[in-house]
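Visitor: Structure provided below as structure tokens; questions to follow.
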Amino acid sequence: MTTALRGGCMNRLFISAAHKSSGKTTVCIGVCAALRARGLVVQPFKKGPDYIDPLWLGLAAGRPCYHLDAYLMSQTEIGCELARRSRGADLAVIEGNKGLYDGLDLDGSNSNAALASLIGAPVVLVIDARGMTRGIAPLILGYQAFDRNIRIAGVILNQLGGTRHEAKLRAVIEHYTGVPVLGAIQRDERITIAERHLGLIPSNEAPAARARIDDIAARVAAQVDLDRLLAIARQAAPLPAQPPVPGSADVPSVRVGIARDAAFGFYYPGDLDALQAAGAELVMFDTLHDTVLPVVDGVFIGGGFPETQMDALAANRRLLEALQGAIESGLPAYAECGGLMYLARSIAWNGRSAGMAGVIPADIVMHRRPVGRGYVHLRETGRGLWPRREAAAAPVIRAHEFHYSSVENLAPDVEFAYEVERGHGIDGRHDGIVYKNLLASYTHLRDVAGHHWAARFVDFIRGHKARREPTRAFAKILP
């Protein structure tokens, strides 16, 4: 067994790819699950904003998958997050996004390679080798030469056409590059995961997700040299000493309802942890099957794909009416993307429409192409519900959006919490619909330095609860 995190030194691998859709997520899922099956404690991470891949990785590893995002987090914060979340693990597996050198900036500061270099992690490159033979050599040589600071410790060949194809590729790579081939995975439709417009089908929707992961793990274990992967992970550079993480404040607790089911599953584990650290007890509820809202002081409805479940959501009228009544009565609520769609009047998709909660005076229309996708920059208008806590908070909020829907027929007198400087939001200029004690936006926030939204939301809920309790007490003594 490998050595767990001790004194800032941790075993870790960065699994990237030559380009998007090379199968690296499937490989990462298989590696995490196969190593877990050996009795190792594996901590998964994902680069950049993403919800779907981390759901699969977390299920495979048996631990929540956390995010490392150089666009939203400082270098110090990334190091702290990596060390903190990996405490007690035997190794960390970090999955990149897109290709190894892909990123936002010309200088590559937001690339997978830059993140791997920052955290001192050896890189394993997944290559979709369909139709390739001798041409794989200049590909690998180019990736080696492009940035000499990046150590490509090995490659995993994916989507191979058979043992003869594998033998040719191994001979070419050994002769021209000297890069170890750590695995060769044959093309197999049984281990593919269906994709949707934002990537893989979420594991909270996929039937028999656990069985699919076990199948992937078995095939990866049989075709990838896990012992060599572990040996490479042990060669990771030591992490620098990290400052201690502040403990949770001793504050009165509030109960926050979290919609979590096949329709809504897009939550960052770090943000849920931040809600708890701020004094929130998280109470999960199912929008598809629960007919009553749990006893809560506030509600958070995150993202997901409610359009795929819109008939079931619409059929559960009792919960829709309970939510509408609670928000109309002043219940603090926060909704992101899919949550915004759920609280609108209706969702229209593929020529059909279904009624939703009707809290937000607007209708949602799905489109074939993205309406808003990528990082966003927001400025607060001053009409939001959560006042700033941090004196040093950044004037511009960095976050992200992923939506193929638009808000139509919006009432003209709606107030917005944000002005959009980059991105689309609701209408290209605004985001964050404010209605009573509800904030609903297409933007997905991250609880990171400079914008600790979770504590602001919990404080807002706590303040609302404190104002209501004297009223309730007075009402009890009235004749």
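Residues in the structure tokens are numbered from 1 in each chain, the chains being A, B, ... in the order shown, and ligands are numbered from 1 in the order shown.
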Determine, counting only C-alpha atoms, which protein, DNA and RNA residues have an atom within 10 Å of an atom of Asn110 (chain A); residues of the same chain fewer than 5 positions away are not included. Present the result as JSON, numbers by chain.
Guide: {"A": [47, 48, 69, 70, 71, 101, 102, 103, 104, 105, 115]}
Visitor: Write down as a count of residues only the residues of region 132-240 of chain A whose backbone DSSP state falls under strand (DSSP E or B).
Guide: 20
Visitor: Rounded to one decimal place, report the CA of Asp311 (chain A)-CA of Gly351 (chain A) distance in Å.
Guide: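 Interatomic distance, CA of Asp311 (chain A) to CA of Gly351 (chain A): 13.3 Å.
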Visitor: For each of A:Ile173, A:Cys80, A:Asp50, A:Ile127, take the minimum atom-to-atom distance to Ile15 (chain A), counting only C-alpha atoms, then give the residue where this is smallest.
Guide: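 Going through A:Ile173, A:Cys80, A:Asp50, A:Ile127 one by one, the smallest distance to Ile15 (chain A) is for A:Ile127.
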Visitor: Separation of CA of Arg379 (chain A) and CA of Val458 (chain A), in Å?
Guide: 20.8 Å
Visitor: For region 225-232 of chain A, please output as a ChimeraX atom specification all residues within 12 Å (counting only C-alpha atoms; exclusion window: fewer than 5 positions along the same chain).
Guide: /A:1-3,10-15,27-28,30-38,40,42,90-93,121-125,151-157,180-185,217-220,237
Visitor: Extract, using only C-alpha atoms, all DNA, RNA and protein residues at most 7 Å from Phe305 (chain A), discarding same-chain residues fewer than 6 positions from it, and format them as an MDAnalysis selection string.
Guide: chainID A and resid 263:264 338
Visitor: Keeping only C-alpha atoms, write the selected residues as a PDB file, in the first residue's frame.
Guide:
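This is the output file selection.pdb:
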```
ATOM      1  CA  ALA A 263     -33.357  16.196 -11.620  1.00  0.00           C
ATOM      2  CA  PHE A 264     -31.004  18.176  -9.381  1.00  0.00           C
ATOM      3  CA  GLY A 338     -31.819  24.122 -13.083  1.00  0.00           C
TER       4      GLY A 338
END
```
Visitor: When distances are computed from only C-alpha atoms, which of A:Val396, A:Ala454, A:Leu72, A:Ile433 shows the smallest separation from Gly279 (chain A)?
Guide: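 Among the listed residues, the smallest separation from Gly279 (chain A) belongs to A:Ala454.
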Visitor: When DSSP is applied to the backbone of this structure, which of region 107-176 of chain A are assigned alpha helix (DSSP H)? Write them out as number ranges by chain.
Guide: A: 112-118, 136-146, 163-176
Visitor: Determine, counting only C-alpha atoms, which protein, DNA and RNA residues have an atom within 9 Å of an atom of Ala129 (chain A); residues of the same chain fewer than 2 positions away are not included. Present the result as a list of chain:residue names.
Guide: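 So the residues in contact are A:Ser22, A:Ile127, A:Gly131, A:Met132, A:Thr133, A:Ile136, A:Leu157, A:Asn158, A:Gln159, A:Leu160, A:Gly161, A:Leu169.
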Visitor: Restricting the calculation to only C-alpha atoms: of A:Gly325, A:Arg388, A:Leu272, A:Ser117, which residue gets closest to Pro64 (chain A)?
Guide: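 Result for the nearest residue to Pro64 (chain A): A:Leu272.
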Visitor: For each of A:Leu118, A:Ala440, A:Leu378, A:Val407, take the minimum atom-to-atom distance to Leu239 (chain A), counting only C-alpha atoms, then give the residue where this is smallest.
Guide: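 The shortest atom-to-atom distance to Leu239 (chain A) comes from A:Leu118.
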Visitor: Ala344 (chain A): which residues within 8 Å, counting only C-alpha atoms, same-chain residues fewer than 5 positions away excluded, as a list in words?
Guide: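 The residues that qualify are Met356, Ala357, Gly358, Val359, Ile360, Pro361, Ala362, Asp363 and Ile364 of chain A.
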Visitor: Could those selected residues go to a file with C-alpha atoms, as a short mmCIF file (atom, residue, chain, number, x, y, z; two decimals), in the first residue's frame?
Guide:
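Writing the result to again.cif gives the following:
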```cif
data_model
loop_
_atom_site.label_atom_id
_atom_site.label_comp_id
_atom_site.auth_asym_id
_atom_site.auth_seq_id
_atom_site.Cartn_x
_atom_site.Cartn_y
_atom_site.Cartn_z
CA MET A 356 -43.42 24.30 -12.85
CA ALA A 357 -43.63 26.16 -9.53
CA GLY A 358 -44.58 29.55 -10.95
CA VAL A 359 -42.62 31.59 -8.42
CA ILE A 360 -40.50 33.36 -11.05
CA PRO A 361 -42.70 35.32 -13.50
CA ALA A 362 -41.16 33.84 -16.65
CA ASP A 363 -41.06 30.77 -18.88
CA ILE A 364 -38.05 28.59 -19.76
#
```
Visitor: Choose the residue, out of A:Lys24, A:Gln43, A:Cys65, A:Gly162, that has the smallest atom-to-atom separation from Leu100 (chain A); count only C-alpha atoms.
Guide: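 Looking only at the distances to Leu100 (chain A), the closest residue turns out to be A:Lys24.
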